[in-house]
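Chemist: Take this structure, written in structure tokens, and hold onto it; I'll ask about it next.
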Amino acid sequence: MANVKYNNFGAAIAKNDMDLVTIKAIFFDPSYTPNPDTEVYLSDVLSNRASGTTDLTVSSFTITTDNTDNRTEFDIADLVTGVITVAGGTNAVGFYIDTGTAATSEMLTYNELLLGGTQTTFTPVGGTLTATINTNGIFSI
Amino acid sequence: MADFRSIATTNFATSEVSSLVITKPAGLAVGDLMVAILSKSDAINSQDSDINTASGWTLRGETKFNDSDGELNIQTKVAASGDVAAGNFTFTTDNPCFVGGAIVAVSDPASGGEFQSIEMDSTGSVTVLSNTSALTPLVANTLIIVAIASQTGSDTTTSTFTSTPSITFTERADFVRDSVQDDPSLAIATGVHTGTAEITAYGATLSNAALTASSLILINPQVNATAAVSPMDVPPAINGAVATNDVSLDVGHMDTEPVVNGLISKKTPTPWRNPDKPSTDWDNLPK
């Protein structure tokens with residue numbers, strides 16, 4: 001699986017003030033294959049949330065202009081869960097604009113979880129899951 | 001990594017009793033997982049006794065064997081400060097029986113998810129015990145505990161613990177009470193499953209043919225995971241605009257030679273307008 005931009009991404013970015021909205025992260029079950037055409041809201045993907053996880057509110061959301069790569073980057077702080085046991089593991093994280101209602105919370109992107117550059121299933125057991133954010137952020141346009 | 005810390009045992013009672021006291025495993029620390037492995041034997045024709053679940057402990061599995069004269073019972077508890085301060089632990093039965101058991105202390109188990117799974121089995125009289133199982137560790141380095149209770153007319157000891165896939169087991173306890181009903185025995189071994197393959201079989205070798213009840217227990221090690229989030233680069237599609245010049249149109253000049261049709265002239269007789277026309281009336285006179 002590769003990173004995926006939900007087709008609603010552009011509309012969500014365009015009509016929201018990204019500095020002010022609440023962005024959350026959802027860890028996906030490894031069996032999940034995103035469908036960017038039909039999946040628009042959190043409610044469309046909720047059944048694929050990795051068992052044992054809860055969504056995290058991202059912090060330190062920043063928007064920076066990268067004049068070297070000629071793009072705008074959206075960065076956040078590393079994601080760190082509490083003590084969890086994810087029996088089936090997780091291999092991807094999705095980001096969405098949280099409205100408090102799954103049916104109106106718009107999906108943005110599906111990002112792989114990597115180990116050594118390869119998408120990998122991680123299985124924390126009675127421990128934490130730390131997802132380190134890339135220097136280029138979670139997405140850029 | 002979850003690891004075997006210590007074990008404390010109490011052999012089967014020499015007379016039928018309703019309680020069992022097991023001393024605190026050596027070195028028990030707060031957060032350790034305590035696994036109580038208990039067994040009993042009833043006297044012939046006595047009422048079947050049951051091992052009660054102790055207060056604060058969680059029953060993980062129990063199975064009867066030898067026509068319910070025997071029972072293997074597994075309970076767990078995460079050690080709190082009060083447990084570490086305690087000198088021993090007491091378990092009870094609903095009726096007097098020959099009861100014995102052990103407490104295995106496991107260090108560094110997964111916090112909040114210590115106990116992973118258990119399988120309970122019982123057999124008829126066997127010498128080589130081989131149970132099929134279907135337990136799969138969540139992660140590598142899962143601690144495996146095998147407990148085998150046996151009853152027969154002869155003292156039975158247990159050795160050569162095995163599994164598929166192969167795990168190196170260390171026997172932690174093996175005791176038998178001679179000269180009580182069915183000479184009950186209990187053997188316990190631990191090992192670490194370094195992989196995550198399903199455990200499809202486990203067993204051991206008994207010194208005598210005996211009726212057995214056995215248990216395969218998986219204890220989760222604590223695993224913290226660290227992943228890197230792959231960044232999503234969304235290239236914007238910039239479409240060229242279709243431009244229209246905003247200019248004043250120069251209306252094309254149509255240079256067309258006009259066709260000029262000549263007028264057909266008709267000479268109009270010039271009326272006589274001589275004001276000096278003679279007013280004389282002329283008479284038409286005969287020629």
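Ligands are numbered from 1 in the order shown, chains are lettered A, B, ... in the order of the structure tokens, and residues start at 1 in each chain.
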Determine which residues of chain A sit within 8 Å of chain B, taking into account only C-alpha atoms, and present them as a PyMOL selection string.
Modeler: chain A and resi 3-5+83-85+87-88+92-93+109+111-115+122-134+136-141
Chemist: Tell me, as a PyMOL selection string, which residues lie within 12 Å of range 39-45 of chain A, counting only C-alpha atoms; anything in the same chain fewer than 4 positions away does not count.
Modeler: chain A and resi 4-12+23-29+31-35+49-50+55+93-110
Chemist: Write the residues you've just listed into a file as a short mmCIF file (atom, residue, chain, number, x, y, z; two decimals), in the first residue's frame, and include N, CA and C atoms for each of them.
Modeler:
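Contents of out-v7.cif, as written:
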data_model
loop_
_atom_site.label_atom_id
_atom_site.label_comp_id
_atom_site.auth_asym_id
_atom_site.auth_seq_id
_atom_site.Cartn_x
_atom_site.Cartn_y
_atom_site.Cartn_z
N VAL A 4 -1.96 7.58 0.68
CA VAL A 4 -3.16 7.90 -0.10
C VAL A 4 -3.71 9.26 0.33
N LYS A 5 -4.08 10.03 -0.64
CA LYS A 5 -4.79 11.29 -0.38
C LYS A 5 -6.26 11.03 -0.69
N TYR A 6 -7.09 11.18 0.32
CA TYR A 6 -8.52 11.03 0.05
C TYR A 6 -8.95 12.14 -0.91
N ASN A 7 -9.83 11.82 -1.80
CA ASN A 7 -10.19 12.78 -2.84
C ASN A 7 -10.83 14.04 -2.30
N ASN A 8 -11.32 13.93 -1.09
CA ASN A 8 -11.93 15.11 -0.46
C ASN A 8 -10.88 16.03 0.15
N PHE A 9 -9.64 15.60 0.06
CA PHE A 9 -8.55 16.34 0.71
C PHE A 9 -8.54 17.81 0.30
N GLY A 10 -8.57 18.05 -1.00
CA GLY A 10 -8.47 19.42 -1.49
C GLY A 10 -9.59 20.30 -0.98
N ALA A 11 -10.80 19.77 -1.03
CA ALA A 11 -11.94 20.55 -0.56
C ALA A 11 -11.82 20.83 0.94
N ALA A 12 -11.37 19.83 1.67
CA ALA A 12 -11.24 20.01 3.12
C ALA A 12 -10.20 21.06 3.46
N ILE A 23 -7.22 18.52 14.35
CA ILE A 23 -6.83 17.39 13.51
C ILE A 23 -6.55 16.20 14.41
N LYS A 24 -7.08 15.06 14.04
CA LYS A 24 -6.86 13.85 14.83
C LYS A 24 -6.24 12.76 13.95
N ALA A 25 -5.65 11.81 14.64
CA ALA A 25 -5.01 10.68 13.97
C ALA A 25 -5.70 9.39 14.37
N ILE A 26 -5.95 8.55 13.39
CA ILE A 26 -6.56 7.25 13.64
C ILE A 26 -5.60 6.17 13.15
N PHE A 27 -5.34 5.17 13.99
CA PHE A 27 -4.48 4.06 13.58
C PHE A 27 -5.34 2.99 12.92
N PHE A 28 -4.88 2.53 11.77
CA PHE A 28 -5.68 1.59 11.00
C PHE A 28 -5.23 0.14 11.20
N ASP A 29 -6.21 -0.76 11.07
CA ASP A 29 -5.93 -2.19 11.07
C ASP A 29 -5.16 -2.53 9.79
N SER A 31 -5.47 -4.81 7.76
CA SER A 31 -6.31 -5.34 6.68
C SER A 31 -6.97 -4.23 5.85
N TYR A 32 -6.84 -3.00 6.30
CA TYR A 32 -7.56 -1.90 5.64
C TYR A 32 -6.86 -1.44 4.37
N THR A 33 -7.64 -1.33 3.32
CA THR A 33 -7.18 -0.73 2.07
C THR A 33 -8.04 0.49 1.79
N PRO A 34 -7.45 1.67 1.80
CA PRO A 34 -8.28 2.87 1.63
C PRO A 34 -8.87 2.98 0.24
N ASN A 35 -10.04 3.56 0.18
CA ASN A 35 -10.70 3.86 -1.09
C ASN A 35 -10.93 5.36 -1.14
N ARG A 49 -10.49 0.98 12.29
CA ARG A 49 -9.63 1.43 13.38
C ARG A 49 -8.99 0.21 14.04
N ALA A 50 -7.68 0.26 14.25
CA ALA A 50 -6.98 -0.87 14.87
C ALA A 50 -7.51 -1.11 16.27
N ASP A 55 -8.14 7.32 18.99
CA ASP A 55 -7.61 8.39 18.14
C ASP A 55 -6.89 9.43 18.99
N VAL A 93 -1.53 5.22 9.63
CA VAL A 93 -2.26 6.22 10.42
C VAL A 93 -2.96 7.16 9.44
N GLY A 94 -4.17 7.52 9.79
CA GLY A 94 -4.93 8.45 8.96
C GLY A 94 -5.14 9.75 9.71
N PHE A 95 -5.23 10.84 8.97
CA PHE A 95 -5.47 12.14 9.60
C PHE A 95 -6.81 12.69 9.11
N TYR A 96 -7.53 13.30 10.01
CA TYR A 96 -8.83 13.86 9.66
C TYR A 96 -9.10 15.12 10.46
N ILE A 97 -10.00 15.93 9.93
CA ILE A 97 -10.43 17.14 10.62
C ILE A 97 -11.60 16.75 11.51
N ASP A 98 -11.40 16.86 12.80
CA ASP A 98 -12.40 16.39 13.75
C ASP A 98 -13.44 17.47 14.02
N THR A 99 -14.69 17.08 13.83
CA THR A 99 -15.79 17.99 14.18
C THR A 99 -16.50 17.53 15.43
N GLY A 100 -16.09 16.39 15.94
CA GLY A 100 -16.79 15.80 17.06
C GLY A 100 -17.84 14.80 16.61
N THR A 101 -18.09 14.77 15.32
CA THR A 101 -19.06 13.84 14.75
C THR A 101 -18.40 13.10 13.60
N ALA A 102 -18.41 11.79 13.70
CA ALA A 102 -17.70 10.99 12.69
C ALA A 102 -18.25 11.24 11.28
N ALA A 103 -19.54 11.48 11.22
CA ALA A 103 -20.17 11.62 9.90
C ALA A 103 -19.84 12.93 9.20
N THR A 104 -19.22 13.86 9.93
CA THR A 104 -18.86 15.15 9.31
C THR A 104 -17.37 15.44 9.42
N SER A 105 -16.62 14.51 9.96
CA SER A 105 -15.17 14.71 10.11
C SER A 105 -14.49 14.23 8.84
N GLU A 106 -13.91 15.17 8.10
CA GLU A 106 -13.40 14.85 6.78
C GLU A 106 -12.01 14.22 6.82
N MET A 107 -11.86 13.15 6.07
CA MET A 107 -10.56 12.47 5.99
C MET A 107 -9.60 13.27 5.10
N LEU A 108 -8.35 13.24 5.48
CA LEU A 108 -7.34 13.95 4.71
C LEU A 108 -6.41 12.96 4.00
N THR A 109 -5.60 12.26 4.79
CA THR A 109 -4.62 11.36 4.18
C THR A 109 -4.50 10.05 4.95
N TYR A 110 -3.98 9.07 4.26
CA TYR A 110 -3.61 7.76 4.82
C TYR A 110 -2.10 7.67 4.71
#
Chemist: Using only C-alpha atoms, which of B:Val99, B:Ile144, B:Val104, B:Ile219 sits nearest Leu72 in chain B?
Modeler: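 That would be B:Val99, the residue with the smallest distance to Leu72 in chain B.
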Chemist: If we count only C-alpha atoms and set the cut-off at 12 Å, which residues sit around Thr158 in chain B, ignoring sequence neighbours fewer than 3 positions away in its own chain? Please answer as a PyMOL selection string.
Modeler: chain B and resi 126-129+146-151+155+161-162+170-176+184-189+203-210+212+214
Chemist: With N, CA and C atoms retained, write the just-selected residues as a CSV table (one decimal), in the first residue's frame.
Modeler:
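For reference, part_8.csv as written:
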chain,number,residue,atom,x,y,z
B,126,VAL,N,-2.0,-41.9,30.0
B,126,VAL,CA,-1.0,-41.8,29.0
B,126,VAL,C,0.4,-41.7,29.7
B,127,THR,N,1.4,-42.1,28.9
B,127,THR,CA,2.8,-42.0,29.4
B,127,THR,C,3.4,-40.8,28.7
B,128,VAL,N,3.2,-40.7,27.4
B,128,VAL,CA,3.7,-39.6,26.6
B,128,VAL,C,2.5,-38.7,26.3
B,129,LEU,N,2.6,-37.5,27.0
B,129,LEU,CA,1.5,-36.6,26.8
B,129,LEU,C,1.7,-35.7,25.6
B,146,VAL,N,3.8,-24.2,31.1
B,146,VAL,CA,3.1,-25.5,30.9
B,146,VAL,C,3.0,-26.1,32.3
B,147,ALA,N,1.7,-26.5,32.6
B,147,ALA,CA,1.4,-27.1,33.9
B,147,ALA,C,0.7,-28.5,33.6
B,148,ILE,N,1.2,-29.5,34.3
B,148,ILE,CA,0.6,-30.8,34.1
B,148,ILE,C,0.3,-31.5,35.4
B,149,ALA,N,-1.0,-31.7,35.6
B,149,ALA,CA,-1.4,-32.4,36.8
B,149,ALA,C,-1.7,-33.9,36.4
B,150,SER,N,-1.3,-34.8,37.2
B,150,SER,CA,-1.5,-36.2,36.9
B,150,SER,C,-2.0,-37.0,38.1
B,151,GLN,N,-2.7,-38.0,37.9
B,151,GLN,CA,-3.2,-38.9,39.0
B,151,GLN,C,-3.1,-40.3,38.5
B,155,ASP,N,3.3,-43.1,42.2
B,155,ASP,CA,3.9,-41.8,42.1
B,155,ASP,C,4.4,-41.5,40.7
B,161,PHE,N,9.6,-31.8,28.7
B,161,PHE,CA,8.5,-30.9,28.2
B,161,PHE,C,8.8,-30.6,26.7
B,162,THR,N,7.8,-30.7,25.9
B,162,THR,CA,8.0,-30.4,24.5
B,162,THR,C,6.9,-29.5,23.9
B,170,THR,N,12.3,-25.1,30.9
B,170,THR,CA,13.0,-25.4,32.1
B,170,THR,C,11.9,-25.9,33.2
B,171,GLU,N,12.1,-27.0,33.7
B,171,GLU,CA,11.2,-27.5,34.7
B,171,GLU,C,11.4,-26.7,36.0
B,172,ARG,N,10.3,-26.1,36.5
B,172,ARG,CA,10.3,-25.3,37.7
B,172,ARG,C,9.8,-26.0,39.0
B,173,ALA,N,9.0,-27.0,38.8
B,173,ALA,CA,8.5,-27.7,39.9
B,173,ALA,C,8.0,-29.1,39.5
B,174,ASP,N,8.1,-30.0,40.3
B,174,ASP,CA,7.6,-31.4,40.0
B,174,ASP,C,7.4,-32.1,41.4
B,175,PHE,N,6.2,-32.1,41.9
B,175,PHE,CA,6.0,-32.7,43.2
B,175,PHE,C,4.8,-33.7,43.1
B,176,VAL,N,4.8,-34.7,44.0
B,176,VAL,CA,3.8,-35.7,44.1
B,176,VAL,C,3.5,-36.0,45.6
B,184,PRO,N,-1.7,-37.7,43.7
B,184,PRO,CA,-1.7,-36.5,42.7
B,184,PRO,C,-0.3,-35.9,42.6
B,185,SER,N,0.0,-35.5,41.4
B,185,SER,CA,1.3,-34.8,41.2
B,185,SER,C,1.0,-33.6,40.3
B,186,LEU,N,2.0,-32.7,40.4
B,186,LEU,CA,1.9,-31.4,39.6
B,186,LEU,C,3.3,-31.0,39.2
B,187,ALA,N,3.4,-30.8,37.8
B,187,ALA,CA,4.7,-30.4,37.3
B,187,ALA,C,4.5,-29.1,36.5
B,188,ILE,N,5.5,-28.2,36.6
B,188,ILE,CA,5.4,-26.9,36.0
B,188,ILE,C,6.7,-26.6,35.3
B,189,ALA,N,6.6,-26.1,34.0
B,189,ALA,CA,7.8,-25.7,33.3
B,189,ALA,C,7.6,-24.4,32.6
B,203,GLY,N,3.5,-31.0,25.3
B,203,GLY,CA,3.4,-32.2,26.1
B,203,GLY,C,4.6,-32.4,27.0
B,204,ALA,N,4.6,-33.7,27.4
B,204,ALA,CA,5.7,-34.0,28.3
B,204,ALA,C,5.7,-35.6,28.4
B,205,THR,N,6.7,-36.1,29.1
B,205,THR,CA,6.8,-37.5,29.3
B,205,THR,C,6.6,-37.8,30.8
B,206,LEU,N,5.7,-38.8,31.1
B,206,LEU,CA,5.4,-39.1,32.5
B,206,LEU,C,6.1,-40.4,32.9
B,207,SER,N,6.5,-40.5,34.1
B,207,SER,CA,7.2,-41.7,34.6
B,207,SER,C,6.3,-42.9,34.6
B,208,ASN,N,5.0,-42.7,34.7
B,208,ASN,CA,4.0,-43.8,34.7
B,208,ASN,C,2.8,-43.4,33.9
B,209,ALA,N,2.1,-44.4,33.4
B,209,ALA,CA,0.8,-44.0,32.7
B,209,ALA,C,-0.1,-43.4,33.7
B,210,ALA,N,-0.6,-42.2,33.4
B,210,ALA,CA,-1.5,-41.5,34.4
B,210,ALA,C,-2.5,-40.7,33.6
B,212,THR,N,-4.4,-37.2,33.1
B,212,THR,CA,-3.8,-35.9,33.2
B,212,THR,C,-4.8,-34.8,32.9
B,214,SER,N,-3.9,-30.7,31.8
B,214,SER,CA,-2.7,-29.9,31.5
B,214,SER,C,-3.1,-28.5,31.0
Chemist: For CA of Ile118 in chain B and CA of Ala13 in chain B, determine how far apart the two atoms are, in Å to one decimal place.
Modeler: 26.6 Å
Chemist: Just checking: using only C-alpha atoms, which residue out of B:Val17, B:Ala201, B:Ala2, B:Val242 ends up closest to Cys97 in chain B?
Modeler: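 Of B:Val17, B:Ala201, B:Ala2, B:Val242, the one nearest Cys97 in chain B, counting only C-alpha atoms, is B:Val17.
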